[in-house]
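Reading through the structure tokens given below for one structure.
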Amino acid sequence: MNSNKLPDNYPQWLAGLKRQIASAQQRAALAVNQELIRLYWQLGADILQRQTEQGWGSKVIERLAQDLQQAFPDLKGFSARNIKYMRAFAEAWPITAASPSIVQQPVAQIPWGHNLVLLTKLKTPEQRLWYAHKTIAHGWSRSVLVHQIESGLMQREGQAVSNFSRNLPDLQSELAQATLKDPYIFDFLSIGAEARERDIEQALTQHITQFLLELGAGFAYVGRQVELNVGGDDFYLDLLFYHLKLRCYVVVELKTGDFKPEHAGQLSFYLSAVDARIKSEQDASSIGLLLCKTRNKLVAEYALRDNNKPIGVAEYQLAQALPADLENQLPSIEQIERELEGD
């Protein structure tokens with residue numbers, strides 16, 4: 001018997017061991033982070049108490065920062081500026097009967113740098129809690145958290161006009177509604193406000209990482225201008241995605257003008273074709289998203305009211321167009337295409 005031969009189940013055992021180690025590392029990192037957040041909160045709370053009871057001023061914080069940095073030269077985080085943030089952190093999350101410990105708050109589960117973003121960019125506990133929950137749920141980096149706050153995600157999420165409540169089961173309807181936004185912000189596209197639909201499609205797929213970030217968690221990109229043959233006629237879907245949580249295809253149609261009722265009819269036809277030609281038995285019914293430059297909410301509601309396909313309608317916003325004097329000096333897309341064809 002060759003003792004050096006690996007057992008048949010070694011790969012499965014190794015994969016399971018890797019998962020256990022990764023899980024242990026995550027738990028250890030979370031525990032370390034919670035202890036750091038607890039320490040920072042306690043230090044901030046002590047300063048608040050002494051300022052109230054003994055009238056401590058800013059000079060005491062400066063001296064404290066110097067003494068702590070001298071006592072712990074290998075530790076970062078005890079600058080005067082950061083200690084003032086600790087004070088603000090403790091003030092933002094006071095001890096209450098409902099929350100007797102900072103560790104019980106979602107902010108204890110995210111890094112200190114994320115908490116600084118919440119403190120400096122948001123004004124209310126409700127806003128900070130909302131973004132803290134989202135950060136935990138989706139594993140946002142600090143830069144992604146900043147982007148989501150600056151784009152006003154809290155105010156946009158779930159705001160698209162839709163008929164989901166009439167055409168989807170309750171649980172799926174709620175999740176689908178929360179998945180959509182209004183408006184969608186495509187400020188990462190430098191194509192000007194008058195871009196054509198195909199230009200926007202192409203630009204979005206060229207910046208697919210940012211596009212998926214704006215769409216939200218769960219979207220997987222399938223394709224652009226996806227061909228469907230129905231009765232010998234060819235039709236093309238602007239953009240096709242699959243949503244991993246909803247377990248369904250999502251057809252996205254772009255319109256560079258105002259929303260019109262006939263757009264809903266067209267998208268309804270596409271959804272029927274996708275359900276018949278692409279989706280499997282395990283998939284839920286496909287969902288449509290109409291992205292328009294502008295939309296009248298009441299018109300959209302009327303257009304979707306008796307439509308039996310689940311459709312959402314939302315606006316999109318592009319980056320600000322270039323100044324007219326500069327824009328006139330740059331070649332148009334048509335000019336570039338003609339030059340390439342000439343070559």
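So you can find residues: chains in the structure tokens are A, B, ... in the order shown, residues in each start at 1, and ligands are numbered from 1 in order.
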Shell of 8 Å around Arg156 of chain A, only C-alpha atoms, local chain residues under 2 positions omitted, as a VMD selection string: chain A and resid 152 to 154 158 to 159 181 to 184
Go ahead and save the residues from that selection, with all heavy atoms, as a PDB file, in the first residue's frame.
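Below is the file that was written, result-v1.pdb:
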```pdb
ATOM      1  N   GLY A 152     -27.274  59.034  -2.650  1.00  0.00           N
ATOM      2  CA  GLY A 152     -28.597  59.058  -2.034  1.00  0.00           C
ATOM      3  C   GLY A 152     -29.357  57.756  -2.151  1.00  0.00           C
ATOM      4  O   GLY A 152     -30.570  57.751  -2.374  1.00  0.00           O
ATOM      5  N   LEU A 153     -28.660  56.630  -1.966  1.00  0.00           N
ATOM      6  CA  LEU A 153     -29.306  55.329  -2.142  1.00  0.00           C
ATOM      7  C   LEU A 153     -30.533  55.173  -1.251  1.00  0.00           C
ATOM      8  O   LEU A 153     -31.557  54.641  -1.692  1.00  0.00           O
ATOM      9  CB  LEU A 153     -28.309  54.210  -1.844  1.00  0.00           C
ATOM     10  CG  LEU A 153     -28.878  52.778  -1.919  1.00  0.00           C
ATOM     11  CD1 LEU A 153     -29.341  52.468  -3.330  1.00  0.00           C
ATOM     12  CD2 LEU A 153     -27.850  51.758  -1.451  1.00  0.00           C
ATOM     13  N   MET A 154     -30.456  55.633  -0.021  1.00  0.00           N
ATOM     14  CA  MET A 154     -31.573  55.468   0.915  1.00  0.00           C
ATOM     15  C   MET A 154     -32.847  56.118   0.393  1.00  0.00           C
ATOM     16  O   MET A 154     -33.950  55.594   0.576  1.00  0.00           O
ATOM     17  CB  MET A 154     -31.202  56.055   2.284  1.00  0.00           C
ATOM     18  CG  MET A 154     -32.240  55.832   3.358  1.00  0.00           C
ATOM     19  SD  MET A 154     -31.667  56.464   4.964  1.00  0.00           S
ATOM     20  CE  MET A 154     -33.105  56.117   5.983  1.00  0.00           C
ATOM     21  N   GLY A 158     -36.220  51.343  -3.846  1.00  0.00           N
ATOM     22  CA  GLY A 158     -37.630  50.959  -3.747  1.00  0.00           C
ATOM     23  C   GLY A 158     -38.600  51.994  -4.271  1.00  0.00           C
ATOM     24  O   GLY A 158     -39.817  51.835  -4.108  1.00  0.00           O
ATOM     25  N   GLN A 159     -38.110  53.033  -4.962  1.00  0.00           N
ATOM     26  CA  GLN A 159     -38.973  54.134  -5.372  1.00  0.00           C
ATOM     27  C   GLN A 159     -39.486  54.034  -6.809  1.00  0.00           C
ATOM     28  O   GLN A 159     -40.224  54.907  -7.263  1.00  0.00           O
ATOM     29  CB  GLN A 159     -38.219  55.465  -5.211  1.00  0.00           C
ATOM     30  CG  GLN A 159     -37.853  55.781  -3.771  1.00  0.00           C
ATOM     31  CD  GLN A 159     -39.056  55.782  -2.857  1.00  0.00           C
ATOM     32  OE1 GLN A 159     -40.040  56.463  -3.105  1.00  0.00           O
ATOM     33  NE2 GLN A 159     -38.990  54.988  -1.798  1.00  0.00           N
ATOM     34  N   LYS A 181     -34.692  51.028  -8.034  1.00  0.00           N
ATOM     35  CA  LYS A 181     -34.473  52.382  -7.528  1.00  0.00           C
ATOM     36  C   LYS A 181     -35.131  53.386  -8.468  1.00  0.00           C
ATOM     37  O   LYS A 181     -35.566  53.044  -9.563  1.00  0.00           O
ATOM     38  CB  LYS A 181     -32.969  52.690  -7.464  1.00  0.00           C
ATOM     39  CG  LYS A 181     -32.145  51.675  -6.727  1.00  0.00           C
ATOM     40  CD  LYS A 181     -30.666  51.923  -6.943  1.00  0.00           C
ATOM     41  CE  LYS A 181     -29.823  50.834  -6.318  1.00  0.00           C
ATOM     42  NZ  LYS A 181     -28.403  50.964  -6.628  1.00  0.00           N
ATOM     43  N   ASP A 182     -35.160  54.601  -8.032  1.00  0.00           N
ATOM     44  CA  ASP A 182     -35.577  55.710  -8.888  1.00  0.00           C
ATOM     45  C   ASP A 182     -35.100  57.023  -8.258  1.00  0.00           C
ATOM     46  O   ASP A 182     -35.493  57.331  -7.139  1.00  0.00           O
ATOM     47  CB  ASP A 182     -37.105  55.736  -9.046  1.00  0.00           C
ATOM     48  CG  ASP A 182     -37.551  56.757 -10.090  1.00  0.00           C
ATOM     49  OD1 ASP A 182     -36.787  56.959 -11.058  1.00  0.00           O
ATOM     50  OD2 ASP A 182     -38.616  57.349  -9.925  1.00  0.00           O
ATOM     51  N   PRO A 183     -34.229  57.754  -8.972  1.00  0.00           N
ATOM     52  CA  PRO A 183     -33.648  57.419 -10.277  1.00  0.00           C
ATOM     53  C   PRO A 183     -32.398  56.552 -10.132  1.00  0.00           C
ATOM     54  O   PRO A 183     -31.857  56.406  -9.045  1.00  0.00           O
ATOM     55  CB  PRO A 183     -33.277  58.796 -10.830  1.00  0.00           C
ATOM     56  CG  PRO A 183     -32.900  59.581  -9.604  1.00  0.00           C
ATOM     57  CD  PRO A 183     -33.842  59.112  -8.521  1.00  0.00           C
ATOM     58  N   TYR A 184     -31.956  56.001 -11.271  1.00  0.00           N
ATOM     59  CA  TYR A 184     -30.662  55.349 -11.349  1.00  0.00           C
ATOM     60  C   TYR A 184     -29.628  56.402 -11.744  1.00  0.00           C
ATOM     61  O   TYR A 184     -29.895  57.240 -12.613  1.00  0.00           O
ATOM     62  CB  TYR A 184     -30.675  54.216 -12.377  1.00  0.00           C
ATOM     63  CG  TYR A 184     -31.400  52.983 -11.888  1.00  0.00           C
ATOM     64  CD1 TYR A 184     -32.786  52.891 -11.935  1.00  0.00           C
ATOM     65  CD2 TYR A 184     -30.696  51.911 -11.357  1.00  0.00           C
ATOM     66  CE1 TYR A 184     -33.459  51.768 -11.461  1.00  0.00           C
ATOM     67  CE2 TYR A 184     -31.361  50.779 -10.885  1.00  0.00           C
ATOM     68  CZ  TYR A 184     -32.735  50.719 -10.942  1.00  0.00           C
ATOM     69  OH  TYR A 184     -33.385  49.608 -10.464  1.00  0.00           O
TER      70      TYR A 184
END
```
With only C-alpha atoms as the counted atoms, please give the residues lying no more than 8 Å from segment 288-292 of chain A, apart from itself and same-chain residues fewer than 4 positions off, as a PDB file with N, CA, C and O atoms, in the first residue's frame.
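New file result30.pdb:
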```pdb
ATOM      1  N   VAL A 250     -34.081  39.415 -15.573  1.00  0.00           N
ATOM      2  CA  VAL A 250     -34.516  40.808 -15.532  1.00  0.00           C
ATOM      3  C   VAL A 250     -34.159  41.450 -16.869  1.00  0.00           C
ATOM      4  O   VAL A 250     -32.978  41.527 -17.236  1.00  0.00           O
ATOM      5  N   VAL A 251     -35.182  41.871 -17.590  1.00  0.00           N
ATOM      6  CA  VAL A 251     -34.988  42.520 -18.896  1.00  0.00           C
ATOM      7  C   VAL A 251     -34.988  44.023 -18.674  1.00  0.00           C
ATOM      8  O   VAL A 251     -35.942  44.584 -18.126  1.00  0.00           O
ATOM      9  N   VAL A 252     -33.908  44.693 -19.094  1.00  0.00           N
ATOM     10  CA  VAL A 252     -33.787  46.136 -18.931  1.00  0.00           C
ATOM     11  C   VAL A 252     -33.863  46.793 -20.303  1.00  0.00           C
ATOM     12  O   VAL A 252     -33.090  46.465 -21.203  1.00  0.00           O
ATOM     13  N   GLU A 253     -34.828  47.695 -20.469  1.00  0.00           N
ATOM     14  CA  GLU A 253     -34.980  48.452 -21.707  1.00  0.00           C
ATOM     15  C   GLU A 253     -34.678  49.920 -21.447  1.00  0.00           C
ATOM     16  O   GLU A 253     -35.175  50.503 -20.469  1.00  0.00           O
ATOM     17  N   LEU A 254     -33.865  50.511 -22.317  1.00  0.00           N
ATOM     18  CA  LEU A 254     -33.467  51.909 -22.187  1.00  0.00           C
ATOM     19  C   LEU A 254     -34.227  52.780 -23.176  1.00  0.00           C
ATOM     20  O   LEU A 254     -34.331  52.438 -24.358  1.00  0.00           O
ATOM     21  N   LYS A 255     -34.752  53.904 -22.695  1.00  0.00           N
ATOM     22  CA  LYS A 255     -35.423  54.880 -23.546  1.00  0.00           C
ATOM     23  C   LYS A 255     -34.831  56.255 -23.252  1.00  0.00           C
ATOM     24  O   LYS A 255     -34.814  56.698 -22.103  1.00  0.00           O
ATOM     25  N   THR A 256     -34.360  56.914 -24.307  1.00  0.00           N
ATOM     26  CA  THR A 256     -33.688  58.202 -24.105  1.00  0.00           C
ATOM     27  C   THR A 256     -34.663  59.361 -23.974  1.00  0.00           C
ATOM     28  O   THR A 256     -34.259  60.479 -23.683  1.00  0.00           O
ATOM     29  N   GLY A 257     -35.942  59.113 -24.175  1.00  0.00           N
ATOM     30  CA  GLY A 257     -36.931  60.181 -24.047  1.00  0.00           C
ATOM     31  C   GLY A 257     -37.861  59.942 -22.876  1.00  0.00           C
ATOM     32  O   GLY A 257     -37.530  59.251 -21.914  1.00  0.00           O
ATOM     33  N   ASP A 258     -39.065  60.537 -22.978  1.00  0.00           N
ATOM     34  CA  ASP A 258     -40.071  60.362 -21.938  1.00  0.00           C
ATOM     35  C   ASP A 258     -40.652  58.946 -21.987  1.00  0.00           C
ATOM     36  O   ASP A 258     -40.681  58.303 -23.036  1.00  0.00           O
ATOM     37  N   PHE A 259     -41.137  58.488 -20.847  1.00  0.00           N
ATOM     38  CA  PHE A 259     -41.862  57.222 -20.816  1.00  0.00           C
ATOM     39  C   PHE A 259     -43.175  57.357 -21.578  1.00  0.00           C
ATOM     40  O   PHE A 259     -43.903  58.337 -21.430  1.00  0.00           O
ATOM     41  N   HIS A 263     -44.318  51.706 -24.365  1.00  0.00           N
ATOM     42  CA  HIS A 263     -43.076  51.073 -23.913  1.00  0.00           C
ATOM     43  C   HIS A 263     -43.376  49.872 -23.021  1.00  0.00           C
ATOM     44  O   HIS A 263     -42.691  48.849 -23.076  1.00  0.00           O
ATOM     45  N   ALA A 264     -44.408  50.001 -22.183  1.00  0.00           N
ATOM     46  CA  ALA A 264     -44.782  48.900 -21.296  1.00  0.00           C
ATOM     47  C   ALA A 264     -45.285  47.704 -22.096  1.00  0.00           C
ATOM     48  O   ALA A 264     -45.002  46.551 -21.752  1.00  0.00           O
ATOM     49  N   LEU A 267     -42.218  45.939 -23.617  1.00  0.00           N
ATOM     50  CA  LEU A 267     -41.475  45.184 -22.617  1.00  0.00           C
ATOM     51  C   LEU A 267     -42.272  43.965 -22.159  1.00  0.00           C
ATOM     52  O   LEU A 267     -41.695  42.900 -21.897  1.00  0.00           O
ATOM     53  N   SER A 268     -43.587  44.091 -22.083  1.00  0.00           N
ATOM     54  CA  SER A 268     -44.427  42.946 -21.719  1.00  0.00           C
ATOM     55  C   SER A 268     -44.262  41.812 -22.730  1.00  0.00           C
ATOM     56  O   SER A 268     -44.174  40.629 -22.360  1.00  0.00           O
ATOM     57  N   LEU A 271     -40.948  40.085 -22.116  1.00  0.00           N
ATOM     58  CA  LEU A 271     -40.992  39.210 -20.949  1.00  0.00           C
ATOM     59  C   LEU A 271     -41.670  37.880 -21.280  1.00  0.00           C
ATOM     60  O   LEU A 271     -41.226  36.814 -20.830  1.00  0.00           O
ATOM     61  N   LYS A 309     -47.770  41.578 -16.612  1.00  0.00           N
ATOM     62  CA  LYS A 309     -46.360  41.239 -16.482  1.00  0.00           C
ATOM     63  C   LYS A 309     -45.722  42.158 -15.437  1.00  0.00           C
ATOM     64  O   LYS A 309     -46.019  43.355 -15.391  1.00  0.00           O
ATOM     65  N   PRO A 310     -44.836  41.612 -14.573  1.00  0.00           N
ATOM     66  CA  PRO A 310     -44.202  42.446 -13.542  1.00  0.00           C
ATOM     67  C   PRO A 310     -43.177  43.409 -14.141  1.00  0.00           C
ATOM     68  O   PRO A 310     -42.131  42.987 -14.649  1.00  0.00           O
ATOM     69  N   ILE A 311     -43.488  44.688 -14.089  1.00  0.00           N
ATOM     70  CA  ILE A 311     -42.662  45.711 -14.729  1.00  0.00           C
ATOM     71  C   ILE A 311     -42.464  46.876 -13.762  1.00  0.00           C
ATOM     72  O   ILE A 311     -43.395  47.294 -13.068  1.00  0.00           O
ATOM     73  N   GLY A 312     -41.255  47.408 -13.748  1.00  0.00           N
ATOM     74  CA  GLY A 312     -40.947  48.623 -13.012  1.00  0.00           C
ATOM     75  C   GLY A 312     -40.482  49.707 -13.965  1.00  0.00           C
ATOM     76  O   GLY A 312     -39.873  49.412 -15.005  1.00  0.00           O
ATOM     77  N   VAL A 313     -40.784  50.953 -13.633  1.00  0.00           N
ATOM     78  CA  VAL A 313     -40.391  52.096 -14.468  1.00  0.00           C
ATOM     79  C   VAL A 313     -39.619  53.082 -13.595  1.00  0.00           C
ATOM     80  O   VAL A 313     -40.083  53.455 -12.509  1.00  0.00           O
ATOM     81  N   ALA A 314     -38.455  53.488 -14.063  1.00  0.00           N
ATOM     82  CA  ALA A 314     -37.636  54.434 -13.303  1.00  0.00           C
ATOM     83  C   ALA A 314     -36.901  55.353 -14.263  1.00  0.00           C
ATOM     84  O   ALA A 314     -36.718  55.043 -15.445  1.00  0.00           O
ATOM     85  N   GLU A 315     -36.481  56.501 -13.746  1.00  0.00           N
ATOM     86  CA  GLU A 315     -35.661  57.423 -14.526  1.00  0.00           C
ATOM     87  C   GLU A 315     -34.191  57.074 -14.336  1.00  0.00           C
ATOM     88  O   GLU A 315     -33.808  56.380 -13.400  1.00  0.00           O
ATOM     89  N   TYR A 316     -33.368  57.573 -15.260  1.00  0.00           N
ATOM     90  CA  TYR A 316     -31.921  57.480 -15.082  1.00  0.00           C
ATOM     91  C   TYR A 316     -31.319  58.857 -15.291  1.00  0.00           C
ATOM     92  O   TYR A 316     -31.890  59.713 -15.968  1.00  0.00           O
TER      93      TYR A 316
END
```
Name the residues of segment 53-202 of chain A that fall into strand (DSSP E) according to DSSP on the backbone, using the chain letters and numbers of this document, as an mmCIF file with C-alpha atoms, in the first residue's frame.
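Resulting contents of out.cif:
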```
data_model
loop_
_atom_site.group_PDB
_atom_site.id
_atom_site.type_symbol
_atom_site.label_atom_id
_atom_site.label_comp_id
_atom_site.auth_asym_id
_atom_site.auth_seq_id
_atom_site.Cartn_x
_atom_site.Cartn_y
_atom_site.Cartn_z
ATOM 1 C CA VAL A 161 -43.166 52.779 -10.183
ATOM 2 C CA SER A 162 -44.180 49.123 -10.548
ATOM 3 C CA TYR A 184 -30.662 55.349 -11.349
ATOM 4 C CA ILE A 185 -27.435 57.366 -11.339
ATOM 5 C CA PHE A 186 -25.082 56.669 -14.246
#
```
Length of the atom CA of Ala29 of chain A to atom CA of Ala220 of chain A vector [Å]: 29.2 Å
Picked from segment 53-185 of chain A by DSSP as alpha helix (DSSP H), as an NGL selection string: :A and (53-54 or 58-71 or 80-92 or 112-121 or 125-138 or 142-150 or 153-156 or 164-167 or 170-179)
Which residue of A:Glu214, A:Glu53, A:Asp238, A:Glu126 approaches Glu157 of chain A most closely, using only C-alpha atoms: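 Once distances to Glu157 of chain A are computed over only C-alpha atoms, the minimum belongs to A:Glu214.
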Spatial neighbours of Gly113 of chain A, max dist 12 Å, only C-alpha atoms, sep filter under 3 positions, as a ChimeraX atom specification: /A:33,36-37,77,82,85-86,89,107-110,116-120,140-143,145-146
Between atom CA of Ala31 of chain A and atom CA of Ala71 of chain A, distance in Å (one decimal):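 These two atoms are separated by 24.1 Å.
Of the residues listed (A:Arg38, A:Arg277, A:Arg198, A:Lys245), A:Arg38 shows the shortest atom-to-atom separation from Val103 of chain A; distances use only C-alpha atoms.
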Computed interatomic separation between atom CA of Phe211 of chain A and atom CA of Thr179 of chain A (Å):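 Atom CA of Thr179 of chain A lies at a distance of 14.1 Å from atom CA of Phe211 of chain A.
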Non-local contacts of Tyr249 of chain A (7 Å; only C-alpha atoms; under 3 positions in same chain excluded) as JSON, numbers by chain: {"A": [241, 242, 243, 286, 287]}
Counting only C-alpha atoms, the residue of A:Thr96, A:Asp306, A:Tyr221, A:Ala88 that sits nearest Lys123 of chain A: A:Ala88
Spatial neighbours of Ser79 of chain A, 9 Å, only C-alpha atoms, chain gap at least 3 places, as a VMD selection string: chain A and resid 62 64 to 66 68 to 69 76 82 to 84
Pick from A:Leu171, A:Ala217, A:Leu180, A:Gln70 nearest to Thr135 of chain A, counting only C-alpha atoms: A:Ala217
